[in-house]
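Asks: Okay, so here is entry.txt, and as you'll see once you scroll down, it has compact mmCIF, C-alpha atoms.
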```txt
# COMPACT_ATOMS: atom_id res chain seq x y z
CA MET A 3 61.01 21.84 -3.22
CA ALA A 4 60.99 21.37 0.54
CA GLU A 5 60.23 17.93 1.91
CA THR A 6 56.68 17.47 3.20
CA ARG A 7 57.93 16.94 6.75
CA ASN A 8 59.57 20.38 6.57
CA LEU A 9 56.16 21.88 5.82
CA GLU A 10 54.48 20.79 9.06
CA GLY A 11 54.15 23.00 12.08
CA GLY A 12 52.05 23.91 15.04
CA CYS A 13 51.60 25.86 18.21
CA PHE A 14 53.68 25.73 21.37
CA CYS A 15 51.40 23.32 23.28
CA GLY A 16 50.70 21.00 20.33
CA ALA A 17 46.92 21.50 20.32
CA VAL A 18 47.03 22.87 16.76
CA ARG A 19 49.03 21.17 14.01
CA TYR A 20 49.09 22.06 10.31
CA ARG A 21 50.82 21.21 7.05
CA LEU A 22 51.54 23.51 4.15
CA LYS A 23 50.62 21.78 0.89
CA SER A 24 53.36 23.73 -0.89
CA PRO A 25 56.07 26.21 0.00
CA PRO A 26 54.85 29.80 0.40
CA MET A 27 54.72 32.12 -2.59
CA PHE A 28 57.01 34.64 -0.88
CA ILE A 29 58.46 35.17 2.59
CA ASN A 30 58.65 38.62 4.16
CA CYS A 31 60.56 39.53 7.28
CA CYS A 32 58.43 42.46 8.47
CA HIS A 33 59.93 45.11 10.75
CA CYS A 34 56.82 47.34 11.01
CA ARG A 35 55.73 48.64 14.41
CA ASP A 36 52.46 46.66 14.27
CA CYS A 37 54.39 43.38 13.89
CA GLN A 38 56.84 44.39 16.60
CA ARG A 39 54.04 45.16 19.05
CA GLN A 40 51.93 42.13 18.18
CA THR A 41 54.80 39.68 18.52
CA GLY A 42 56.78 41.38 21.27
CA SER A 43 59.81 40.92 19.04
CA ALA A 44 61.94 42.86 16.57
CA PHE A 45 60.15 41.45 13.51
CA VAL A 46 57.93 38.66 12.23
CA ILE A 47 58.63 36.21 9.41
CA ASN A 48 55.50 35.68 7.29
CA GLY A 49 55.15 33.20 4.44
CA VAL A 50 52.42 34.29 2.00
CA ILE A 51 50.38 31.28 0.92
CA GLU A 52 46.94 30.41 -0.40
CA ALA A 53 44.52 29.67 2.47
CA GLU A 54 43.48 26.36 0.88
CA ARG A 55 47.12 25.23 0.94
CA ILE A 56 47.09 25.14 4.74
CA GLU A 57 45.85 21.75 5.89
CA LEU A 58 44.78 21.52 9.52
CA LEU A 59 45.98 18.24 11.01
CA LYS A 60 44.78 18.86 14.57
CA GLY A 61 42.85 21.55 16.41
CA ASN A 62 41.22 24.72 15.17
CA PRO A 63 42.89 28.13 15.50
CA GLU A 64 40.76 31.07 16.60
CA ALA A 65 40.75 34.35 14.70
CA VAL A 66 41.57 37.33 16.91
CA LEU A 67 40.84 40.74 15.38
CA MET A 68 43.77 43.11 15.81
CA PRO A 69 43.83 46.86 15.26
CA THR A 70 46.34 48.23 12.75
CA GLU A 71 47.73 51.67 12.04
CA SER A 72 46.36 51.38 8.48
CA GLY A 73 42.85 50.62 9.74
CA ARG A 74 42.59 47.58 7.46
CA PRO A 75 41.24 44.33 8.95
CA HIS A 76 43.80 42.00 10.45
CA ASP A 77 42.94 38.66 12.04
CA ILE A 78 45.64 36.66 13.79
CA TYR A 79 44.80 32.95 14.01
CA ARG A 80 45.91 31.64 17.39
CA CYS A 81 45.83 28.37 19.26
CA PRO A 82 42.82 28.56 21.58
CA ILE A 83 44.89 27.06 24.43
CA CYS A 84 48.44 28.47 24.36
CA ARG A 85 47.56 31.49 22.13
CA THR A 86 50.50 30.97 19.75
CA ALA A 87 50.04 33.03 16.58
CA LEU A 88 50.06 30.63 13.62
CA TRP A 89 49.06 32.85 10.70
CA SER A 90 47.36 36.11 9.80
CA ASP A 91 44.70 37.25 7.39
CA TYR A 92 45.11 40.88 6.42
CA GLY A 93 41.68 41.24 4.86
CA ARG A 94 42.76 39.09 1.92
CA ARG A 95 40.58 36.10 2.70
CA PRO A 96 42.05 33.68 0.15
CA MET A 97 45.63 34.32 1.39
CA ARG A 98 47.31 33.70 4.72
CA PHE A 99 50.57 34.95 6.20
CA VAL A 100 52.01 31.94 8.03
CA ARG A 101 54.36 32.56 10.93
CA MET A 102 57.30 30.65 9.50
CA SER A 103 58.84 30.11 12.94
CA THR A 104 55.90 27.85 13.81
CA LEU A 105 57.16 25.29 11.28
CA ASP A 106 58.83 22.30 12.91
CA ALA A 107 61.84 22.90 10.64
CA ALA A 108 61.79 26.69 10.95
CA ALA A 109 65.21 27.05 9.32
CA THR A 110 64.00 25.44 6.08
CA PHE A 111 63.12 28.79 4.50
CA LYS A 112 64.88 32.13 4.67
CA PRO A 113 63.11 35.43 3.97
CA ASP A 114 62.88 36.67 0.39
CA ALA A 115 62.77 40.29 1.58
CA HIS A 116 62.94 42.52 4.64
CA ILE A 117 60.11 45.06 4.62
CA PHE A 118 59.33 48.19 6.64
CA THR A 119 62.97 48.51 7.58
CA ARG A 120 62.35 52.21 8.25
CA SER A 121 61.10 51.03 11.66
CA LYS A 122 63.71 48.29 12.09
CA LEU A 123 65.23 48.33 15.55
CA PRO A 124 68.68 49.89 15.29
CA TRP A 125 70.55 46.91 16.76
CA VAL A 126 69.15 44.45 14.17
CA ARG A 127 71.74 43.80 11.47
CA LEU A 128 70.52 42.64 8.07
CA SER A 129 72.54 40.42 5.77
CA ASP A 130 73.38 41.53 2.25
CA ASP A 131 71.90 38.40 0.64
CA VAL A 132 68.25 39.35 1.34
CA PRO A 133 66.85 42.55 -0.23
CA ALA A 134 65.64 45.19 2.23
CA PHE A 135 63.02 47.89 1.65
CA ASP A 136 62.16 50.98 3.69
CA VAL A 137 58.47 50.22 3.23
CA PHE A 138 57.46 47.68 0.58
CA TYR A 139 58.63 46.50 -2.82
CA ASP A 140 57.30 46.08 -6.35
CA MET A 141 55.88 42.55 -6.39
CA LYS A 142 56.34 42.21 -10.14
CA THR A 143 60.10 42.63 -9.81
CA GLN A 144 60.67 40.82 -6.50
CA TRP A 145 58.37 37.79 -6.61
CA PRO A 146 59.34 34.76 -8.72
CA ALA A 147 57.23 34.28 -11.88
CA ASP A 148 55.61 31.07 -10.59
CA SER A 149 54.58 32.83 -7.37
CA LEU A 150 53.05 35.71 -9.34
CA LYS A 151 51.05 33.15 -11.34
CA ARG A 152 49.81 31.52 -8.13
CA ARG A 153 48.79 34.94 -6.77
CA GLU A 154 46.98 35.86 -10.00
CA ALA A 155 45.17 32.50 -10.04
CA LEU A 156 44.01 33.23 -6.51
CA LEU A 157 43.06 36.91 -6.77
CA GLY A 158 42.43 37.39 -10.47
CA PRO A 159 44.33 39.30 -13.16
CA GLY A 160 45.82 42.65 -12.25
CA LYS A 161 45.36 42.29 -8.48
```
Now, as a test, write the supplied structure out as structure tokens.

Replies:
Amino acid sequence: MAETRNLEGGCFCGAVRYRLKSPPMFINCCHCRDCQRQTGSAFVINGVIEAERIELLKGNPEAVLMPTESGRPHDIYRCPICRTALWSDYGRRPMRFVRMSTLDAAATFKPDAHIFTRSKLPWVRLSDDVPAFDVFYDMKTQWPADSLKRREALLGPGK
């Protein structure tokens, strides 16, 4: 398990600080066009975690509603001062998708999977040690058993 100090992070200006109470359940490196546009980058690295496992240490991020191609709700929680994106809520209120690069020790965790690689920028090269999927994957085969149990405890059986 990662050291507690490796689970702290925050925004660029320091107005918002947080701590993850545990490592994320799963980490996706998403190459979809929405993530590319919203970050201005080639991809985003999201750690899926229970909302109650994010402890605010300082400040209060603001939810900014973002449109998506799917039409599903998507709030990005940003620092109200520097506007750094800290995590997202994709309509799954009890779960958050933490921007792993906002951790102080951003290199602590590597992605568990690359998703939406069908829209990956052609000059991005993926390593062979992380599975890659054109769109998405089967959670039951990709997520570790303990993470699936955490997800089920959060959302209920069969969800």

Asks: Which is closest to Leu123 of chain A among A:Phe45, A:Tyr79, A:Phe14, A:Tyr20, if we use only C-alpha atoms?

Replies: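 The answer is A:Phe45, which sits nearest to Leu123 of chain A.
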
Asks: Kindly give the distance, in Å, that separates atom CA of Arg120 of chain A and atom CA of Pro96 of chain A, rounded to a single decimal.

Replies: 28.7 Å

Asks: Excluding segment 137-153 of chain A and any residue of its chain fewer than 3 positions from it, enumerate the residues within 9 Å of it, using only C-alpha atoms, and give them as a list of chain:residue names.

Replies: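 Everything that qualifies: A:Pro26, A:Met27, A:Phe28, A:Cys34, A:Ile51, A:Glu52, A:Met97, A:Asp114, A:Ala115, A:His116, A:Ile117, A:Phe118, A:Thr119, A:Arg120, A:Ser121, A:Pro133, A:Ala134, A:Leu156, A:Leu157, A:Gly158, A:Pro159, A:Lys161.
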
Asks: Using C-alpha atoms, can you export the residues from the last selection as a PDB file, in the frame of the given file?

Replies:
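Dumped to out_36.pdb:
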```pdb
ATOM      1  CA  PRO A  26      54.850  29.800   0.400  1.00  0.00           C
ATOM      2  CA  MET A  27      54.720  32.120  -2.590  1.00  0.00           C
ATOM      3  CA  PHE A  28      57.010  34.640  -0.880  1.00  0.00           C
ATOM      4  CA  CYS A  34      56.820  47.340  11.010  1.00  0.00           C
ATOM      5  CA  ILE A  51      50.380  31.280   0.920  1.00  0.00           C
ATOM      6  CA  GLU A  52      46.940  30.410  -0.400  1.00  0.00           C
ATOM      7  CA  MET A  97      45.630  34.320   1.390  1.00  0.00           C
ATOM      8  CA  ASP A 114      62.880  36.670   0.390  1.00  0.00           C
ATOM      9  CA  ALA A 115      62.770  40.290   1.580  1.00  0.00           C
ATOM     10  CA  HIS A 116      62.940  42.520   4.640  1.00  0.00           C
ATOM     11  CA  ILE A 117      60.110  45.060   4.620  1.00  0.00           C
ATOM     12  CA  PHE A 118      59.330  48.190   6.640  1.00  0.00           C
ATOM     13  CA  THR A 119      62.970  48.510   7.580  1.00  0.00           C
ATOM     14  CA  ARG A 120      62.350  52.210   8.250  1.00  0.00           C
ATOM     15  CA  SER A 121      61.100  51.030  11.660  1.00  0.00           C
ATOM     16  CA  PRO A 133      66.850  42.550  -0.230  1.00  0.00           C
ATOM     17  CA  ALA A 134      65.640  45.190   2.230  1.00  0.00           C
ATOM     18  CA  LEU A 156      44.010  33.230  -6.510  1.00  0.00           C
ATOM     19  CA  LEU A 157      43.060  36.910  -6.770  1.00  0.00           C
ATOM     20  CA  GLY A 158      42.430  37.390 -10.470  1.00  0.00           C
ATOM     21  CA  PRO A 159      44.330  39.300 -13.160  1.00  0.00           C
ATOM     22  CA  LYS A 161      45.360  42.290  -8.480  1.00  0.00           C
TER      23      LYS A 161
END
```

Asks: Find the spatial neighbours of Gly93 of chain A, counting all atoms listed in the file, within a cut-off of 10 Å - ignore same-chain residues fewer than 4 positions away - and output them as number ranges by chain.

Replies: A: 74-77, 97-98

Asks: Enter the distance from atom CA of Ala87 of chain A to atom CA of Asp136 of chain A, in Å, rounded to one decimal.

Replies: 25.2 Å

Asks: Figure out the distance between atom CA of Trp125 of chain A and atom CA of Phe111 of chain A, please, to one decimal in Å.

Replies: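 Between these atoms lies a distance of 23.1 Å.
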
Asks: Restricting the calculation to all atoms listed in the file, which member of A:Arg85, A:Arg19, A:Arg80, A:Arg35 is positioned closest to Pro63 of chain A?

Replies: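 With all atoms listed in the file as the atom set, the closest residue is A:Arg80.
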
Asks: So, with all atoms listed in the file as the atoms that count, which of A:Met68, A:Cys31, A:Val100, A:Ile56 lies closest to Leu128 of chain A?

Replies: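 When distances to Leu128 of chain A are compared using all atoms listed in the file, the smallest one comes from A:Cys31.
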
Asks: Distance cut-off 10 Å, centre (60.3, 22.5, 12.7) in file coordinates, counting all atoms listed in the file: which residues qualify? Return them as a list of chain:residue names.

Replies: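 Nearby residues: A:Arg7, A:Asn8, A:Leu9, A:Glu10, A:Gly11, A:Gly12, A:Met102, A:Ser103, A:Thr104, A:Leu105, A:Asp106, A:Ala107, A:Ala108, A:Ala109, A:Thr110.
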
Asks: Keeping only C-alpha atoms, take the residues you just selected and write them out as a compact mmCIF listing (two decimals), in the frame of the given file.

Replies:
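Listing of part-v6.txt after writing:
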```txt
# COMPACT_ATOMS: atom_id res chain seq x y z
CA ARG A 7 57.93 16.94 6.75
CA ASN A 8 59.57 20.38 6.57
CA LEU A 9 56.16 21.88 5.82
CA GLU A 10 54.48 20.79 9.06
CA GLY A 11 54.15 23.00 12.08
CA GLY A 12 52.05 23.91 15.04
CA MET A 102 57.30 30.65 9.50
CA SER A 103 58.84 30.11 12.94
CA THR A 104 55.90 27.85 13.81
CA LEU A 105 57.16 25.29 11.28
CA ASP A 106 58.83 22.30 12.91
CA ALA A 107 61.84 22.90 10.64
CA ALA A 108 61.79 26.69 10.95
CA ALA A 109 65.21 27.05 9.32
CA THR A 110 64.00 25.44 6.08
```

Asks: From the options A:Val50, A:Ser24, A:Ser129, A:Thr41, which residue's atoms come nearest to Arg95 of chain A, counting all atoms listed in the file?

Replies: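 Smallest separation from Arg95 of chain A among the options: A:Val50.
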
Asks: Between A:Arg55, A:Lys122, A:Arg39, A:Arg101, which one has atoms that come closest to Ile78 of chain A, using all atoms listed in the file?

Replies: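 Among A:Arg55, A:Lys122, A:Arg39, A:Arg101, it is A:Arg101 that comes nearest to Ile78 of chain A.
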